[in-house]
>>> print(open('target17.pdb').read())   # PDB, C-alpha atoms
ATOM      1  CA  ASP A   1       0.000   0.000   0.000  1.00  0.00           C
ATOM      2  CA  THR A   2       1.433   3.325  -1.054  1.00  0.00           C
ATOM      3  CA  ALA A   3       1.066   5.907   1.695  1.00  0.00           C
ATOM      4  CA  VAL A   4       1.964   9.032  -0.291  1.00  0.00           C
ATOM      5  CA  SER A   5       1.965   8.812  -4.064  1.00  0.00           C
ATOM      6  CA  GLN A   6       2.886  11.316  -6.736  1.00  0.00           C
ATOM      7  CA  THR A   7       2.293  11.422 -10.469  1.00  0.00           C
ATOM      8  CA  PRO A   8       4.049  11.661 -12.748  1.00  0.00           C
ATOM      9  CA  LYS A   9       7.417  10.331 -11.608  1.00  0.00           C
ATOM     10  CA  TYR A  10       9.182  12.161 -14.433  1.00  0.00           C
ATOM     11  CA  LEU A  11       8.054  15.292 -16.248  1.00  0.00           C
ATOM     12  CA  VAL A  12       9.920  16.865 -19.153  1.00  0.00           C
ATOM     13  CA  THR A  13       8.503  20.038 -20.642  1.00  0.00           C
ATOM     14  CA  GLN A  14       9.359  23.242 -22.467  1.00  0.00           C
ATOM     15  CA  MET A  15       9.852  26.666 -20.955  1.00  0.00           C
ATOM     16  CA  GLY A  16       6.661  28.675 -20.722  1.00  0.00           C
ATOM     17  CA  ASN A  17       4.363  25.682 -20.376  1.00  0.00           C
ATOM     18  CA  ASP A  18       1.927  25.124 -17.508  1.00  0.00           C
ATOM     19  CA  LYS A  19       2.077  21.802 -15.716  1.00  0.00           C
ATOM     20  CA  SER A  20       0.637  20.051 -12.684  1.00  0.00           C
ATOM     21  CA  ILE A  21       1.972  17.408 -10.337  1.00  0.00           C
ATOM     22  CA  LYS A  22      -0.534  15.331  -8.415  1.00  0.00           C
ATOM     23  CA  CYS A  23      -0.178  14.067  -4.864  1.00  0.00           C
ATOM     24  CA  GLU A  24      -2.406  11.724  -2.932  1.00  0.00           C
ATOM     25  CA  GLN A  25      -2.129  10.332   0.581  1.00  0.00           C
ATOM     26  CA  ASN A  26      -4.169   7.447   1.962  1.00  0.00           C
ATOM     27  CA  LEU A  27      -3.098   7.937   5.578  1.00  0.00           C
ATOM     28  CA  GLY A  28      -6.003  10.099   6.646  1.00  0.00           C
ATOM     29  CA  HIS A  29      -3.624  12.947   7.456  1.00  0.00           C
ATOM     30  CA  ASP A  30      -4.786  16.505   7.895  1.00  0.00           C
ATOM     31  CA  THR A  31      -1.708  18.355   6.667  1.00  0.00           C
ATOM     32  CA  MET A  32       0.118  18.100   3.353  1.00  0.00           C
ATOM     33  CA  TYR A  33       3.287  19.733   2.083  1.00  0.00           C
ATOM     34  CA  TRP A  34       5.290  20.398  -1.042  1.00  0.00           C
ATOM     35  CA  TYR A  35       9.079  20.494  -1.022  1.00  0.00           C
ATOM     36  CA  LYS A  36      11.579  21.304  -3.760  1.00  0.00           C
ATOM     37  CA  GLN A  37      14.995  19.643  -3.971  1.00  0.00           C
ATOM     38  CA  ASP A  38      17.350  21.426  -6.345  1.00  0.00           C
ATOM     39  CA  SER A  39      20.408  20.146  -8.173  1.00  0.00           C
ATOM     40  CA  LYS A  40      22.579  20.813  -5.125  1.00  0.00           C
ATOM     41  CA  LYS A  41      20.293  18.525  -3.128  1.00  0.00           C
ATOM     42  CA  PHE A  42      18.946  21.255  -0.851  1.00  0.00           C
ATOM     43  CA  LEU A  43      15.436  20.341   0.255  1.00  0.00           C
ATOM     44  CA  LYS A  44      13.201  23.343   0.873  1.00  0.00           C
ATOM     45  CA  ILE A  45       9.616  23.634   2.065  1.00  0.00           C
ATOM     46  CA  MET A  46       7.345  25.359  -0.444  1.00  0.00           C
ATOM     47  CA  PHE A  47       3.886  25.037   1.089  1.00  0.00           C
ATOM     48  CA  SER A  48       2.134  23.468   4.000  1.00  0.00           C
ATOM     49  CA  TYR A  49      -1.639  23.112   3.883  1.00  0.00           C
ATOM     50  CA  ASN A  50      -4.493  21.759   5.919  1.00  0.00           C
ATOM     51  CA  ASN A  51      -8.227  22.327   5.802  1.00  0.00           C
ATOM     52  CA  LYS A  52      -7.927  25.724   7.327  1.00  0.00           C
ATOM     53  CA  GLU A  53      -4.624  27.207   6.504  1.00  0.00           C
ATOM     54  CA  LEU A  54      -2.220  27.564   3.611  1.00  0.00           C
ATOM     55  CA  ILE A  55       1.271  28.587   4.630  1.00  0.00           C
ATOM     56  CA  ILE A  56       3.457  29.722   1.788  1.00  0.00           C
ATOM     57  CA  ASN A  57       7.208  29.989   1.896  1.00  0.00           C
ATOM     58  CA  GLU A  58       7.786  33.614   0.964  1.00  0.00           C
ATOM     59  CA  THR A  59      10.544  32.672  -1.462  1.00  0.00           C
ATOM     60  CA  VAL A  60       8.194  30.647  -3.687  1.00  0.00           C
ATOM     61  CA  PRO A  61       7.174  32.499  -6.892  1.00  0.00           C
ATOM     62  CA  ASN A  62       3.455  33.028  -7.346  1.00  0.00           C
ATOM     63  CA  ARG A  63       3.681  30.934 -10.511  1.00  0.00           C
ATOM     64  CA  PHE A  64       3.449  28.006  -8.119  1.00  0.00           C
ATOM     65  CA  SER A  65       0.046  27.290  -6.610  1.00  0.00           C
ATOM     66  CA  PRO A  66      -1.168  24.340  -4.555  1.00  0.00           C
ATOM     67  CA  LYS A  67      -4.684  23.098  -5.175  1.00  0.00           C
ATOM     68  CA  SER A  68      -6.496  20.744  -2.844  1.00  0.00           C
ATOM     69  CA  PRO A  69      -9.722  19.170  -4.171  1.00  0.00           C
ATOM     70  CA  ASP A  70     -10.086  17.223  -0.914  1.00  0.00           C
ATOM     71  CA  LYS A  71      -8.158  16.339   2.223  1.00  0.00           C
ATOM     72  CA  ALA A  72      -6.354  13.438   0.569  1.00  0.00           C
ATOM     73  CA  HIS A  73      -4.971  15.416  -2.353  1.00  0.00           C
ATOM     74  CA  LEU A  74      -2.664  18.380  -2.760  1.00  0.00           C
ATOM     75  CA  ASN A  75      -1.701  19.073  -6.341  1.00  0.00           C
ATOM     76  CA  LEU A  76       1.000  21.504  -7.413  1.00  0.00           C
ATOM     77  CA  HIS A  77       0.295  23.691 -10.403  1.00  0.00           C
ATOM     78  CA  ILE A  78       3.103  25.607 -12.054  1.00  0.00           C
ATOM     79  CA  ASN A  79       2.531  28.360 -14.605  1.00  0.00           C
ATOM     80  CA  SER A  80       5.018  29.658 -17.166  1.00  0.00           C
ATOM     81  CA  LEU A  81       7.727  27.153 -16.352  1.00  0.00           C
ATOM     82  CA  GLU A  82      11.317  28.401 -16.226  1.00  0.00           C
ATOM     83  CA  LEU A  83      14.651  26.625 -16.486  1.00  0.00           C
ATOM     84  CA  GLY A  84      15.266  27.191 -12.771  1.00  0.00           C
ATOM     85  CA  ASP A  85      12.158  25.218 -11.907  1.00  0.00           C
ATOM     86  CA  SER A  86      13.977  22.021 -12.857  1.00  0.00           C
ATOM     87  CA  ALA A  87      14.213  19.999  -9.644  1.00  0.00           C
ATOM     88  CA  VAL A  88      12.736  17.063  -7.790  1.00  0.00           C
ATOM     89  CA  TYR A  89       9.461  17.915  -6.087  1.00  0.00           C
ATOM     90  CA  PHE A  90       8.365  15.960  -3.039  1.00  0.00           C
ATOM     91  CA  CYS A  91       4.932  15.812  -1.538  1.00  0.00           C
ATOM     92  CA  ALA A  92       4.528  14.902   2.137  1.00  0.00           C
ATOM     93  CA  SER A  93       1.783  14.555   4.702  1.00  0.00           C
ATOM     94  CA  SER A  94       1.535  14.496   8.484  1.00  0.00           C
ATOM     95  CA  PRO A  95      -1.218  13.631  10.937  1.00  0.00           C
ATOM     96  CA  GLY A  96      -2.091  16.901  12.615  1.00  0.00           C
ATOM     97  CA  GLY A  97      -2.271  20.617  12.091  1.00  0.00           C
ATOM     98  CA  ARG A  98      -0.619  22.501  14.878  1.00  0.00           C
ATOM     99  CA  SER A  99      -0.524  20.053  17.730  1.00  0.00           C
ATOM    100  CA  PRO A 100       0.729  17.830  19.093  1.00  0.00           C
ATOM    101  CA  LEU A 101       3.780  18.487  16.984  1.00  0.00           C
ATOM    102  CA  ASN A 102       6.029  16.408  19.074  1.00  0.00           C
ATOM    103  CA  TYR A 103       5.064  13.279  17.174  1.00  0.00           C
ATOM    104  CA  ASN A 104       4.023  14.854  13.907  1.00  0.00           C
ATOM    105  CA  GLU A 105       6.114  12.669  11.658  1.00  0.00           C
ATOM    106  CA  GLN A 106       6.030  13.567   7.983  1.00  0.00           C
ATOM    107  CA  PHE A 107       5.627  10.899   5.324  1.00  0.00           C
ATOM    108  CA  PHE A 108       7.164  11.694   1.955  1.00  0.00           C
ATOM    109  CA  GLY A 109       6.230  10.621  -1.536  1.00  0.00           C
ATOM    110  CA  PRO A 110       8.747   9.221  -4.029  1.00  0.00           C
ATOM    111  CA  GLY A 111       9.268  12.537  -5.784  1.00  0.00           C
ATOM    112  CA  THR A 112       8.636  13.952  -9.247  1.00  0.00           C
ATOM    113  CA  ARG A 113      11.665  14.896 -11.306  1.00  0.00           C
ATOM    114  CA  LEU A 114      10.784  17.972 -13.368  1.00  0.00           C
ATOM    115  CA  THR A 115      13.038  18.940 -16.256  1.00  0.00           C
ATOM    116  CA  VAL A 116      12.397  22.202 -18.063  1.00  0.00           C
ATOM    117  CA  LEU A 117      14.060  22.523 -21.472  1.00  0.00           C
TER     118      LEU A 117
ATOM    119  CA  ASP B 118      15.078  29.257  12.230  1.00  0.00           C
ATOM    120  CA  ALA B 119      17.155  27.275  14.696  1.00  0.00           C
ATOM    121  CA  LYS B 120      20.100  25.790  12.838  1.00  0.00           C
ATOM    122  CA  THR B 121      22.026  22.553  13.049  1.00  0.00           C
ATOM    123  CA  THR B 122      25.593  21.657  12.093  1.00  0.00           C
ATOM    124  CA  GLN B 123      26.532  18.230  10.811  1.00  0.00           C
ATOM    125  CA  PRO B 124      29.637  16.788   9.148  1.00  0.00           C
ATOM    126  CA  ASN B 125      29.295  16.684   5.386  1.00  0.00           C
ATOM    127  CA  SER B 126      30.134  13.001   5.152  1.00  0.00           C
ATOM    128  CA  MET B 127      31.025   9.936   7.179  1.00  0.00           C
ATOM    129  CA  GLU B 128      32.093   6.413   6.394  1.00  0.00           C
ATOM    130  CA  SER B 129      31.293   3.213   8.176  1.00  0.00           C
ATOM    131  CA  ASN B 130      31.923  -0.470   7.781  1.00  0.00           C
ATOM    132  CA  GLU B 131      29.037  -2.847   7.462  1.00  0.00           C
ATOM    133  CA  GLU B 132      27.782  -4.357  10.732  1.00  0.00           C
ATOM    134  CA  GLU B 133      29.626  -1.776  12.824  1.00  0.00           C
ATOM    135  CA  PRO B 134      27.932   0.936  14.900  1.00  0.00           C
ATOM    136  CA  VAL B 135      27.702   4.442  13.487  1.00  0.00           C
ATOM    137  CA  HIS B 136      27.487   7.640  15.510  1.00  0.00           C
ATOM    138  CA  LEU B 137      26.231  10.634  13.543  1.00  0.00           C
ATOM    139  CA  PRO B 138      26.755  13.912  15.421  1.00  0.00           C
ATOM    140  CA  CYS B 139      24.683  17.077  15.278  1.00  0.00           C
ATOM    141  CA  ASN B 140      25.322  20.427  16.940  1.00  0.00           C
ATOM    142  CA  HIS B 141      22.436  22.750  17.686  1.00  0.00           C
ATOM    143  CA  SER B 142      23.774  25.313  20.106  1.00  0.00           C
ATOM    144  CA  THR B 143      20.898  27.773  19.526  1.00  0.00           C
ATOM    145  CA  ILE B 144      18.164  25.259  20.347  1.00  0.00           C
ATOM    146  CA  SER B 145      15.210  26.693  22.243  1.00  0.00           C
ATOM    147  CA  GLY B 146      13.242  25.043  25.001  1.00  0.00           C
ATOM    148  CA  THR B 147      10.352  24.127  22.704  1.00  0.00           C
ATOM    149  CA  ASP B 148      12.446  22.670  19.872  1.00  0.00           C
ATOM    150  CA  TYR B 149      12.282  18.958  19.219  1.00  0.00           C
ATOM    151  CA  ILE B 150      15.244  17.199  17.602  1.00  0.00           C
ATOM    152  CA  HIS B 151      14.184  15.210  14.553  1.00  0.00           C
ATOM    153  CA  TRP B 152      16.243  12.959  12.316  1.00  0.00           C
ATOM    154  CA  TYR B 153      15.271  12.051   8.793  1.00  0.00           C
ATOM    155  CA  ARG B 154      17.238  10.213   6.160  1.00  0.00           C
ATOM    156  CA  GLN B 155      17.079  10.173   2.391  1.00  0.00           C
ATOM    157  CA  LEU B 156      18.144   7.078   0.521  1.00  0.00           C
ATOM    158  CA  PRO B 157      19.331   7.546  -3.073  1.00  0.00           C
ATOM    159  CA  SER B 158      16.517   8.481  -5.455  1.00  0.00           C
ATOM    160  CA  GLN B 159      13.887   8.358  -2.711  1.00  0.00           C
ATOM    161  CA  GLY B 160      11.988  10.799  -0.573  1.00  0.00           C
ATOM    162  CA  PRO B 161      13.108  11.497   2.982  1.00  0.00           C
ATOM    163  CA  GLU B 162      11.936   9.138   5.699  1.00  0.00           C
ATOM    164  CA  TYR B 163      11.520   9.708   9.398  1.00  0.00           C
ATOM    165  CA  VAL B 164      14.085   8.044  11.643  1.00  0.00           C
ATOM    166  CA  ILE B 165      13.597   9.253  15.202  1.00  0.00           C
ATOM    167  CA  HIS B 166      12.930  12.314  17.306  1.00  0.00           C
ATOM    168  CA  GLY B 167      13.340  13.465  20.900  1.00  0.00           C
ATOM    169  CA  LEU B 168      13.108  16.410  23.265  1.00  0.00           C
ATOM    170  CA  THR B 169      15.300  15.832  26.301  1.00  0.00           C
ATOM    171  CA  SER B 170      15.600  12.129  27.042  1.00  0.00           C
ATOM    172  CA  ASN B 171      17.432   9.548  24.964  1.00  0.00           C
ATOM    173  CA  VAL B 172      15.146   7.654  22.614  1.00  0.00           C
ATOM    174  CA  ASN B 173      15.251   4.216  21.038  1.00  0.00           C
ATOM    175  CA  ASN B 174      13.218   2.723  18.219  1.00  0.00           C
ATOM    176  CA  ARG B 175      13.589  -0.115  15.760  1.00  0.00           C
ATOM    177  CA  MET B 176      15.684   1.973  13.409  1.00  0.00           C
ATOM    178  CA  ALA B 177      18.083   3.834  15.678  1.00  0.00           C
ATOM    179  CA  SER B 178      18.842   5.468  19.001  1.00  0.00           C
ATOM    180  CA  LEU B 179      19.027   9.168  19.727  1.00  0.00           C
ATOM    181  CA  ALA B 180      21.360  10.403  22.436  1.00  0.00           C
ATOM    182  CA  ILE B 181      20.703  13.993  23.527  1.00  0.00           C
ATOM    183  CA  ALA B 182      23.260  15.971  25.506  1.00  0.00           C
ATOM    184  CA  GLU B 183      22.181  17.209  28.902  1.00  0.00           C
ATOM    185  CA  ASP B 184      22.340  20.845  27.773  1.00  0.00           C
ATOM    186  CA  ARG B 185      20.536  19.868  24.530  1.00  0.00           C
ATOM    187  CA  LYS B 186      23.100  21.696  22.434  1.00  0.00           C
ATOM    188  CA  SER B 187      24.086  18.536  20.621  1.00  0.00           C
ATOM    189  CA  SER B 188      22.749  15.099  19.820  1.00  0.00           C
ATOM    190  CA  THR B 189      23.955  11.875  18.244  1.00  0.00           C
ATOM    191  CA  LEU B 190      22.059   9.469  16.042  1.00  0.00           C
ATOM    192  CA  ILE B 191      23.245   5.927  16.637  1.00  0.00           C
ATOM    193  CA  LEU B 192      22.843   3.120  14.140  1.00  0.00           C
ATOM    194  CA  HIS B 193      23.766   0.033  16.106  1.00  0.00           C
ATOM    195  CA  ARG B 194      24.768  -2.135  13.166  1.00  0.00           C
ATOM    196  CA  ALA B 195      25.144  -0.388   9.841  1.00  0.00           C
ATOM    197  CA  THR B 196      23.929  -2.197   6.761  1.00  0.00           C
ATOM    198  CA  LEU B 197      24.453  -1.311   3.115  1.00  0.00           C
ATOM    199  CA  ARG B 198      20.856  -0.137   3.052  1.00  0.00           C
ATOM    200  CA  ASP B 199      21.687   2.513   5.654  1.00  0.00           C
ATOM    201  CA  ALA B 200      23.784   4.439   3.117  1.00  0.00           C
ATOM    202  CA  ALA B 201      21.898   7.719   2.855  1.00  0.00           C
ATOM    203  CA  VAL B 202      21.959  11.401   3.702  1.00  0.00           C
ATOM    204  CA  TYR B 203      20.982  11.906   7.334  1.00  0.00           C
ATOM    205  CA  TYR B 204      19.350  15.166   8.343  1.00  0.00           C
ATOM    206  CA  CYS B 205      19.242  16.531  11.864  1.00  0.00           C
ATOM    207  CA  ILE B 206      16.388  19.030  12.153  1.00  0.00           C
ATOM    208  CA  LEU B 207      15.102  21.220  14.941  1.00  0.00           C
ATOM    209  CA  ARG B 208      11.362  21.506  14.909  1.00  0.00           C
ATOM    210  CA  SER B 209       9.455  23.972  17.032  1.00  0.00           C
ATOM    211  CA  GLY B 210       6.673  22.669  19.221  1.00  0.00           C
ATOM    212  CA  ASP B 211       4.940  26.053  19.125  1.00  0.00           C
ATOM    213  CA  GLY B 212       2.831  25.256  16.111  1.00  0.00           C
ATOM    214  CA  GLY B 213       2.119  26.731  12.689  1.00  0.00           C
ATOM    215  CA  SER B 214       4.927  27.312  10.229  1.00  0.00           C
ATOM    216  CA  GLN B 215       7.398  27.047  13.076  1.00  0.00           C
ATOM    217  CA  GLY B 216       6.672  23.335  13.007  1.00  0.00           C
ATOM    218  CA  ASN B 217       7.785  22.913   9.401  1.00  0.00           C
ATOM    219  CA  LEU B 218      10.866  20.828   8.685  1.00  0.00           C
ATOM    220  CA  ILE B 219      13.854  22.949   7.690  1.00  0.00           C
ATOM    221  CA  PHE B 220      16.404  20.673   6.047  1.00  0.00           C
ATOM    222  CA  GLY B 221      20.120  21.490   6.125  1.00  0.00           C
ATOM    223  CA  LYS B 222      22.862  19.821   4.116  1.00  0.00           C
ATOM    224  CA  GLY B 223      22.872  16.668   6.209  1.00  0.00           C
ATOM    225  CA  THR B 224      25.559  14.022   6.553  1.00  0.00           C
ATOM    226  CA  LYS B 225      26.137  11.646   3.688  1.00  0.00           C
ATOM    227  CA  LEU B 226      26.810   8.235   5.199  1.00  0.00           C
ATOM    228  CA  SER B 227      28.690   5.672   3.138  1.00  0.00           C
ATOM    229  CA  VAL B 228      28.728   2.047   4.268  1.00  0.00           C
ATOM    230  CA  LYS B 229      31.498  -0.240   3.098  1.00  0.00           C
ATOM    231  CA  PRO B 230      30.992  -3.992   2.847  1.00  0.00           C
TER     232      PRO B 230
END
>>> encode(input="target17.pdb", output="structure tokens")
Amino acid sequence: DTAVSQTPKYLVTQMGNDKSIKCEQNLGHDTMYWYKQDSKKFLKIMFSYNNKELIINETVPNRFSPKSPDKAHLNLHINSLELGDSAVYFCASSPGGRSPLNYNEQFFGPGTRLTVL
Amino acid sequence: DAKTTQPNSMESNEEEPVHLPCNHSTISGTDYIHWYRQLPSQGPEYVIHGLTSNVNNRMASLAIAEDRKSSTLILHRATLRDAAVYYCILRSGDGGSQGNLIFGKGTKLSVKP
């Protein structure tokens, strides 16, 4: 059973295109996240989202937008793709919103490798 | 954000114990110490976490210094599958965005057969 799944696994596209990456979790978690891992392997939080609150990392361009059709899904939509968007994108989920954070383990998906040409 | 310092890389022999250090001298009283690891071509996975007391689980042990300014992740018997990048992360217990995981560079652990 896959806890956190992402599609597609690989995505190759041209500059200027709009693309989406889908994420689904079957863990019944309330909070989902998107992370970006660049070519230097730095892993950075982009968004965290639950039913009530979207928290955006201020460094994320507004071309990136998370969309959540329901609690089990958090898709990432990217407009006007740029070369610098090439990276591996990871979705994650965790049980609770704000508390108790002491055992709020995050479960990560397998990643989507995005290549912008 | 509270920061951690880890060695860039470490080597171990298979079936020997591994001690991965982490310094976090600016830790606050509400920060939990979390460890995640990322195997090649996979997403990060949770390893262990603690606040003040040492912790053990099926994957590893976490030894936390009395002043909480450092901690050590202990793999009791390294296997080839343990080769990964290990991240030591401070996570605030105050809630909201302060509870997000802030990944550093981590320690790349190599395990030799």
>>> closest_atom_pairs(input="target17.pdb", of="chain A", to="chain B", cutoff="12 Å", atoms="all atoms listed in the file", output="CSV")
residue,atom,partner,partner_atom,distance
A:Val4,CA,B:Gly160,CA,10.2
A:Ser5,CA,B:Gly160,CA,10.8
A:Gln6,CA,B:Gly160,CA,11.0
A:Lys9,CA,B:Ser158,CA,11.1
A:Thr31,CA,B:Asn217,CA,10.9
A:Met32,CA,B:Asn217,CA,10.9
A:Tyr33,CA,B:Asn217,CA,9.2
A:Trp34,CA,B:Asn217,CA,11.0
A:Tyr35,CA,B:Leu218,CA,9.9
A:Lys36,CA,B:Phe220,CA,10.9
A:Gln37,CA,B:Gly160,CA,9.9
A:Asp38,CA,B:Lys222,CA,11.9
A:Lys40,CA,B:Lys222,CA,9.3
A:Lys41,CA,B:Lys222,CA,7.8
A:Phe42,CA,B:Lys222,CA,6.5
A:Leu43,CA,B:Phe220,CA,5.9
A:Lys44,CA,B:Phe220,CA,6.6
A:Ile45,CA,B:Ile219,CA,7.1
A:Met46,CA,B:Asn217,CA,10.2
A:Phe47,CA,B:Asn217,CA,9.4
A:Ser48,CA,B:Ser214,CA,7.8
A:Tyr49,CA,B:Ser214,CA,10.1
A:Asn50,CA,B:Gly213,CA,10.7
A:Lys52,CA,B:Gly213,CA,11.4
A:Glu53,CA,B:Gly213,CA,9.2
A:Leu54,CA,B:Ser214,CA,9.7
A:Ile55,CA,B:Ser214,CA,6.8
A:Ile56,CA,B:Ser214,CA,8.9
A:Asn57,CA,B:Ser214,CA,9.0
A:Glu58,CA,B:Ser214,CA,11.6
A:Val88,CA,B:Gly160,CA,9.6
A:Tyr89,CA,B:Gly160,CA,9.4
A:Phe90,CA,B:Gly160,CA,6.8
A:Cys91,CA,B:Gly160,CA,8.7
A:Ala92,CA,B:Gly160,CA,8.9
A:Ser93,CA,B:Asn217,CA,11.3
A:Ser94,CA,B:Asn217,CA,10.5
A:Gly96,CA,B:Gly212,CA,10.3
A:Gly97,CA,B:Gly213,CA,7.6
A:Arg98,CA,B:Gly212,CA,4.6
A:Ser99,CA,B:Gly212,CA,6.4
A:Pro100,CA,B:Gly210,CA,7.7
A:Leu101,CA,B:Gly210,CA,5.6
A:Asn102,CA,B:Gly210,CA,6.3
A:Tyr103,CA,B:His166,CA,7.9
A:Asn104,CA,B:Gly216,CA,8.9
A:Glu105,CA,B:Tyr163,CA,6.6
A:Gln106,CA,B:Tyr163,CA,6.9
A:Phe107,CA,B:Glu162,CA,6.6
A:Phe108,CA,B:Gly160,CA,5.5
A:Gly109,CA,B:Gly160,CA,5.8
A:Pro110,CA,B:Gly160,CA,5.0
A:Gly111,CA,B:Gly160,CA,6.1
A:Thr112,CA,B:Gly160,CA,9.8
A:Arg113,CA,B:Ser158,CA,9.9
>>> closest_residue(input="target17.pdb", among="A:Leu81, A:Pro95, A:Ala87, A:Asn51", to="Gln14 of chain A", atoms="only C-alpha atoms")
A:Leu81
>>> residues_around(input="target17.pdb", residues="Leu192 of chain B", least_positions_apart="2", cutoff="9 Å", atoms="all atoms listed in the file", output="list in words")
Glu133, Pro134, Val135, His136, Leu137, Met176, Ala177, Ser178, Leu190, Arg194, Ala195 and Asp199 of chain B
>>> closest_residue(input="target17.pdb", among="B:Ser126, B:Thr189, B:Ser227, B:Thr169", to="Ser145 of chain B", atoms="all atoms listed in the file")
B:Thr169
>>> atom_distance(input="target17.pdb", atom1="atom CA of Leu76 of chain A", atom2="atom CA of Phe64 of chain A")
7.0 Å
>>> resolve_selection(input="target17.pdb", expression="the PyMOL selection byres ((chain A and resi 28) around 8)", output="list of chain:residue names")
A:Gln25, A:Asn26, A:Leu27, A:His29, A:Asp30, A:Lys71, A:Ala72, A:Pro95
>>> closest_residue(input="target17.pdb", among="A:Ser65, A:Ser20, A:Thr59, A:Ser80", to="Thr7 of chain A", atoms="only C-alpha atoms")
A:Ser20
>>> closest_residue(input="target17.pdb", among="B:Ala180, B:Arg185, B:Arg175, B:Val228", to="Pro138 of chain B", atoms="all atoms listed in the file")
B:Ala180
>>> axis_aligned_box(input="target17.pdb", around="segment 145-164 of chain B", padding_each_side="5 Å", output="lines of an AutoDock Vina configuration file")
center_x = 14.8
center_y = 16.9
center_z = 9.8
size_x = 19.0
size_y = 29.6
size_z = 40.5
